[in-house]
Amino acid sequence: MKINIIGVGHVSSSIARNLFGKVKFGYVISRDKGKAENLAKEIGAEAKTYKDDFLLSGAILLGVSDSALPDVCKLIEKKVDKNVVAIHFSGFLPSDILPECWSPASMHPNCAVSNERYNFKDVVFGIEGMERGLQIAKYLIELLGGQYVLIPKEKKAEYHLAAVIASNFPVALAYLSQKLYTDIGFSEELSRKVISKLFESVSQNIASKNLKDALTGPVKRGDWEVVKQEGEIFNEYFPGFSELYDILVKVLKQLNEK
């Protein structure tokens, strides 16, 4: 079975490169012919744009944005052979946004993919869809060295929100933290190093302990005067987000009291 790559974003490009040498590729298709050609050359595929003539057979891996996915389906629907399997990588959209005749499935990696050469070893993918599509998704995840968990199709939004909270919101907190560090004289590079080391230690704690035991800091210790004074400083620096500090402290108190 040939694997076709639709869209050349971070996730699809990384998955294609990880699968190189383990599967046979057909087409790499993108609006940008140059980007398609670059990836196709690496993985031994043929580059096309949506306007070109082609016929997709085997498996179709759709790595486009959620908003673009319906339009991309329309662009390729008349260029799809019978008995294909189509898999998209969206964590939010269900598999049935794709035509039923494509035996659709979705496989979403629970990791922050910020480049086109990400290694998916030990990454947990959330998967759902029709049985034939699921079998191909499981096979591909196995080749990637990852793991998978079946998720209810009707719970995709909740599933994706959990991932957003864990992977996107910390970057917002890092942004606020960096402002404080740089204000007291840290360089941007040093502040990123300090913040990343803090995140790394928190990640290690979460991996090895339950969340209550992973918590450290003044809320954990009950140092409420420290919490109060730092809350005042937070409000001085970030008046537009004054409620954020109190909300997060409330969440940490709830966790610590479990």
# chains A, B, ... in the order shown; residues from 1 in each chain; ligands from 1

$ residues_around --residues "stretch 13-23 of chain A" --least-positions-apart "6" --cutoff "9 Å" --atoms "only C-alpha atoms" --output "JSON, numbers by chain"
{"A": [1, 2, 3, 5, 7, 39, 42, 43, 44, 63, 113, 115, 116, 117, 118, 119, 120, 140, 143, 144]}

$ closest_atom_pairs --of "stretch 50-127 of chain A" --to "stretch 158-171 of chain A" --cutoff "10 Å" --atoms "only C-alpha atoms" --output "Markdown table"
| residue | atom | partner | partner_atom | distance |
| --- | --- | --- | --- | --- |
| A:Ser90 | CA | A:His160 | CA | 8.8 |
| A:Gly91 | CA | A:His160 | CA | 5.2 |
| A:Phe92 | CA | A:His160 | CA | 5.3 |
| A:Leu93 | CA | A:His160 | CA | 9.0 |
| A:His108 | CA | A:His160 | CA | 9.1 |
| A:Pro109 | CA | A:Ala163 | CA | 9.6 |
| A:Asn110 | CA | A:Ala163 | CA | 6.8 |
| A:Cys111 | CA | A:Ser167 | CA | 7.5 |
| A:Ala112 | CA | A:Ser167 | CA | 6.5 |
| A:Gly126 | CA | A:Tyr159 | CA | 8.4 |

$ write_last_selection --atoms "all heavy atoms" --output "mmCIF file, in the first residue's frame"
data_model
loop_
_atom_site.group_PDB
_atom_site.id
_atom_site.type_symbol
_atom_site.label_atom_id
_atom_site.label_comp_id
_atom_site.auth_asym_id
_atom_site.auth_seq_id
_atom_site.Cartn_x
_atom_site.Cartn_y
_atom_site.Cartn_z
ATOM 1 N N SER A 90 -5.962 15.888 12.818
ATOM 2 C CA SER A 90 -6.597 16.860 13.706
ATOM 3 C C SER A 90 -6.958 16.226 15.049
ATOM 4 O O SER A 90 -7.491 15.110 15.098
ATOM 5 C CB SER A 90 -7.859 17.429 13.054
ATOM 6 O OG SER A 90 -8.597 18.212 13.977
ATOM 7 N N GLY A 91 -6.689 16.961 16.114
ATOM 8 C CA GLY A 91 -7.110 16.505 17.431
ATOM 9 C C GLY A 91 -8.523 16.935 17.760
ATOM 10 O O GLY A 91 -9.151 16.393 18.663
ATOM 11 N N PHE A 92 -9.035 17.925 17.019
ATOM 12 C CA PHE A 92 -10.357 18.483 17.316
ATOM 13 C C PHE A 92 -11.458 17.884 16.446
ATOM 14 O O PHE A 92 -12.535 17.538 16.938
ATOM 15 C CB PHE A 92 -10.315 19.995 17.114
ATOM 16 C CG PHE A 92 -11.623 20.689 17.384
ATOM 17 C CD1 PHE A 92 -12.032 20.943 18.678
ATOM 18 C CD2 PHE A 92 -12.435 21.085 16.327
ATOM 19 C CE1 PHE A 92 -13.254 21.577 18.929
ATOM 20 C CE2 PHE A 92 -13.644 21.717 16.566
ATOM 21 C CZ PHE A 92 -14.055 21.959 17.872
ATOM 22 N N LEU A 93 -11.198 17.754 15.151
ATOM 23 C CA LEU A 93 -12.232 17.289 14.228
ATOM 24 C C LEU A 93 -12.348 15.765 14.244
ATOM 25 O O LEU A 93 -11.338 15.064 14.281
ATOM 26 C CB LEU A 93 -11.917 17.757 12.808
ATOM 27 C CG LEU A 93 -11.954 19.270 12.575
ATOM 28 C CD1 LEU A 93 -11.462 19.594 11.179
ATOM 29 C CD2 LEU A 93 -13.345 19.836 12.813
ATOM 30 N N HIS A 108 -4.027 11.600 16.161
ATOM 31 C CA HIS A 108 -3.507 12.885 16.628
ATOM 32 C C HIS A 108 -2.394 12.654 17.643
ATOM 33 O O HIS A 108 -2.597 12.005 18.667
ATOM 34 C CB HIS A 108 -4.635 13.697 17.278
ATOM 35 C CG HIS A 108 -4.154 14.930 17.981
ATOM 36 N ND1 HIS A 108 -4.037 15.002 19.348
ATOM 37 C CD2 HIS A 108 -3.744 16.128 17.493
ATOM 38 C CE1 HIS A 108 -3.586 16.194 19.689
ATOM 39 N NE2 HIS A 108 -3.398 16.891 18.589
ATOM 40 N N PRO A 109 -1.187 13.181 17.368
ATOM 41 C CA PRO A 109 -0.071 12.976 18.291
ATOM 42 C C PRO A 109 -0.147 13.916 19.491
ATOM 43 O O PRO A 109 -0.319 15.129 19.328
ATOM 44 C CB PRO A 109 1.155 13.290 17.423
ATOM 45 C CG PRO A 109 0.660 14.287 16.426
ATOM 46 C CD PRO A 109 -0.777 13.930 16.155
ATOM 47 N N ASN A 110 -0.020 13.369 20.678
ATOM 48 C CA ASN A 110 -0.016 14.191 21.884
ATOM 49 C C ASN A 110 1.401 14.668 22.172
ATOM 50 O O ASN A 110 2.088 14.176 23.081
ATOM 51 C CB ASN A 110 -0.590 13.402 23.055
ATOM 52 C CG ASN A 110 -2.092 13.338 23.003
ATOM 53 O OD1 ASN A 110 -2.778 14.257 23.432
ATOM 54 N ND2 ASN A 110 -2.617 12.255 22.464
ATOM 55 N N CYS A 111 1.831 15.617 21.370
ATOM 56 C CA CYS A 111 3.150 16.221 21.530
ATOM 57 C C CYS A 111 3.127 17.560 20.810
ATOM 58 O O CYS A 111 2.274 17.801 19.961
ATOM 59 C CB CYS A 111 4.246 15.310 20.971
ATOM 60 S SG CYS A 111 4.005 14.841 19.240
ATOM 61 N N ALA A 112 4.063 18.417 21.154
ATOM 62 C CA ALA A 112 4.138 19.740 20.541
ATOM 63 C C ALA A 112 5.130 19.694 19.395
ATOM 64 O O ALA A 112 6.345 19.745 19.602
ATOM 65 C CB ALA A 112 4.566 20.780 21.584
ATOM 66 N N GLY A 126 -3.945 9.806 19.919
ATOM 67 C CA GLY A 126 -5.368 9.572 20.089
ATOM 68 C C GLY A 126 -5.959 9.196 18.751
ATOM 69 O O GLY A 126 -5.774 9.919 17.763
#

$ closest_residue --among "A:Tyr148, A:Gly231, A:Gln135, A:Leu98" --to "A:Lys121" --atoms "only C-alpha atoms"
A:Tyr148

$ atom_distance --atom1 "atom CA of A:Gln229" --atom2 "atom CA of A:Glu189"
27.6 Å

$ residues_around --residues "A:Asp81" --least-positions-apart "2" --cutoff "9 Å" --atoms "only C-alpha atoms" --output "CSV table (one decimal) with all heavy atoms, in the first residue's frame"
chain,number,residue,atom,x,y,z
A,55,LEU,N,-4.1,10.4,-9.3
A,55,LEU,CA,-5.1,9.5,-8.8
A,55,LEU,C,-4.6,8.9,-7.5
A,55,LEU,O,-3.6,8.2,-7.6
A,55,LEU,CB,-5.5,8.4,-9.8
A,55,LEU,CG,-6.6,7.5,-9.3
A,55,LEU,CD1,-7.9,8.3,-9.1
A,55,LEU,CD2,-6.8,6.4,-10.3
A,56,LEU,N,-5.2,9.2,-6.4
A,56,LEU,CA,-4.7,8.7,-5.1
A,56,LEU,C,-5.2,7.3,-4.8
A,56,LEU,O,-6.4,7.1,-4.9
A,56,LEU,CB,-5.2,9.7,-4.0
A,56,LEU,CG,-4.6,11.1,-4.1
A,56,LEU,CD1,-5.4,12.0,-3.1
A,56,LEU,CD2,-3.2,11.1,-3.8
A,57,SER,N,-4.3,6.4,-4.5
A,57,SER,CA,-4.7,5.1,-4.1
A,57,SER,C,-3.9,4.7,-2.9
A,57,SER,O,-2.9,5.4,-2.5
A,57,SER,CB,-4.4,4.1,-5.2
A,57,SER,OG,-3.0,4.1,-5.5
A,58,GLY,N,-4.4,3.7,-2.2
A,58,GLY,CA,-3.7,3.3,-0.9
A,58,GLY,C,-4.2,4.1,0.2
A,58,GLY,O,-5.4,4.1,0.5
A,78,LYS,N,-12.5,14.1,-6.5
A,78,LYS,CA,-12.6,13.4,-7.8
A,78,LYS,C,-11.3,12.8,-8.3
A,78,LYS,O,-11.2,12.3,-9.4
A,78,LYS,CB,-13.1,14.5,-8.8
A,78,LYS,CG,-14.5,15.0,-8.5
A,78,LYS,CD,-14.9,16.0,-9.6
A,78,LYS,CE,-16.4,16.5,-9.3
A,78,LYS,NZ,-16.8,17.4,-10.3
A,79,LYS,N,-10.3,12.8,-7.4
A,79,LYS,CA,-9.0,12.3,-7.8
A,79,LYS,C,-8.6,11.2,-6.8
A,79,LYS,O,-7.4,10.9,-6.6
A,79,LYS,CB,-7.9,13.4,-7.7
A,79,LYS,CG,-8.2,14.5,-8.7
A,79,LYS,CD,-7.2,15.6,-8.6
A,79,LYS,CE,-7.5,16.8,-9.6
A,79,LYS,NZ,-6.5,17.8,-9.6
A,83,ASN,N,-11.5,2.2,-2.6
A,83,ASN,CA,-10.8,1.4,-1.6
A,83,ASN,C,-9.6,2.1,-0.9
A,83,ASN,O,-8.7,1.5,-0.4
A,83,ASN,CB,-10.3,0.0,-2.1
A,83,ASN,CG,-11.5,-0.8,-2.6
A,83,ASN,OD1,-12.5,-0.9,-2.0
A,83,ASN,ND2,-11.3,-1.5,-3.8
A,84,VAL,N,-9.6,3.4,-0.9
A,84,VAL,CA,-8.6,4.2,-0.2
A,84,VAL,C,-8.9,4.2,1.3
A,84,VAL,O,-10.0,4.0,1.7
A,84,VAL,CB,-8.4,5.6,-0.8
A,84,VAL,CG1,-8.0,5.6,-2.2
A,84,VAL,CG2,-9.7,6.4,-0.5

$ atom_distance --atom1 "atom CA of A:Tyr181" --atom2 "atom CA of A:Lys253"
25.2 Å

$ decode --residues "stretch 48-63 of chain A" --atoms "N, CA, C and O atoms" --output "mmCIF file, in the first residue's frame"
data_model
loop_
_atom_site.group_PDB
_atom_site.id
_atom_site.type_symbol
_atom_site.label_atom_id
_atom_site.label_comp_id
_atom_site.auth_asym_id
_atom_site.auth_seq_id
_atom_site.Cartn_x
_atom_site.Cartn_y
_atom_site.Cartn_z
ATOM 1 N N LYS A 48 3.036 17.013 -6.397
ATOM 2 C CA LYS A 48 1.920 17.542 -7.181
ATOM 3 C C LYS A 48 1.289 18.719 -6.435
ATOM 4 O O LYS A 48 1.435 18.853 -5.220
ATOM 5 N N THR A 49 0.574 19.561 -7.188
ATOM 6 C CA THR A 49 -0.313 20.540 -6.577
ATOM 7 C C THR A 49 -1.739 20.036 -6.768
ATOM 8 O O THR A 49 -1.986 19.087 -7.524
ATOM 9 N N TYR A 50 -2.683 20.692 -6.128
ATOM 10 C CA TYR A 50 -4.079 20.261 -6.225
ATOM 11 C C TYR A 50 -4.632 20.413 -7.642
ATOM 12 O O TYR A 50 -5.589 19.739 -8.015
ATOM 13 N N LYS A 51 -4.011 21.292 -8.421
ATOM 14 C CA LYS A 51 -4.491 21.523 -9.786
ATOM 15 C C LYS A 51 -3.970 20.484 -10.779
ATOM 16 O O LYS A 51 -4.494 20.373 -11.886
ATOM 17 N N ASP A 52 -2.948 19.735 -10.392
ATOM 18 C CA ASP A 52 -2.354 18.752 -11.293
ATOM 19 C C ASP A 52 -3.241 17.515 -11.432
ATOM 20 O O ASP A 52 -4.167 17.288 -10.642
ATOM 21 N N ASP A 53 -2.931 16.704 -12.426
ATOM 22 C CA ASP A 53 -3.617 15.413 -12.600
ATOM 23 C C ASP A 53 -2.930 14.353 -11.747
ATOM 24 O O ASP A 53 -1.700 14.224 -11.763
ATOM 25 N N PHE A 54 -3.705 13.607 -10.993
ATOM 26 C CA PHE A 54 -3.194 12.498 -10.199
ATOM 27 C C PHE A 54 -4.377 11.643 -9.758
ATOM 28 O O PHE A 54 -5.532 12.089 -9.781
ATOM 29 N N LEU A 55 -4.098 10.420 -9.334
ATOM 30 C CA LEU A 55 -5.119 9.531 -8.794
ATOM 31 C C LEU A 55 -4.557 8.907 -7.523
ATOM 32 O O LEU A 55 -3.565 8.180 -7.561
ATOM 33 N N LEU A 56 -5.204 9.203 -6.412
ATOM 34 C CA LEU A 56 -4.727 8.731 -5.110
ATOM 35 C C LEU A 56 -5.246 7.328 -4.826
ATOM 36 O O LEU A 56 -6.446 7.074 -4.877
ATOM 37 N N SER A 57 -4.329 6.435 -4.511
ATOM 38 C CA SER A 57 -4.707 5.080 -4.113
ATOM 39 C C SER A 57 -3.921 4.714 -2.863
ATOM 40 O O SER A 57 -2.937 5.368 -2.517
ATOM 41 N N GLY A 58 -4.363 3.663 -2.164
ATOM 42 C CA GLY A 58 -3.670 3.267 -0.946
ATOM 43 C C GLY A 58 -4.162 4.072 0.239
ATOM 44 O O GLY A 58 -5.359 4.146 0.505
ATOM 45 N N ALA A 59 -3.243 4.716 0.952
ATOM 46 C CA ALA A 59 -3.594 5.506 2.134
ATOM 47 C C ALA A 59 -3.301 6.980 1.883
ATOM 48 O O ALA A 59 -2.286 7.338 1.283
ATOM 49 N N ILE A 60 -4.206 7.832 2.354
ATOM 50 C CA ILE A 60 -4.059 9.281 2.229
ATOM 51 C C ILE A 60 -3.904 9.851 3.631
ATOM 52 O O ILE A 60 -4.783 9.668 4.485
ATOM 53 N N LEU A 61 -2.797 10.544 3.888
ATOM 54 C CA LEU A 61 -2.566 11.194 5.174
ATOM 55 C C LEU A 61 -2.721 12.692 4.996
ATOM 56 O O LEU A 61 -1.959 13.323 4.265
ATOM 57 N N LEU A 62 -3.744 13.249 5.639
ATOM 58 C CA LEU A 62 -4.076 14.655 5.467
ATOM 59 C C LEU A 62 -3.517 15.483 6.614
ATOM 60 O O LEU A 62 -4.001 15.411 7.751
ATOM 61 N N GLY A 63 -2.490 16.279 6.301
ATOM 62 C CA GLY A 63 -1.859 17.121 7.300
ATOM 63 C C GLY A 63 -2.086 18.590 7.023
ATOM 64 O O GLY A 63 -1.132 19.333 6.771
#
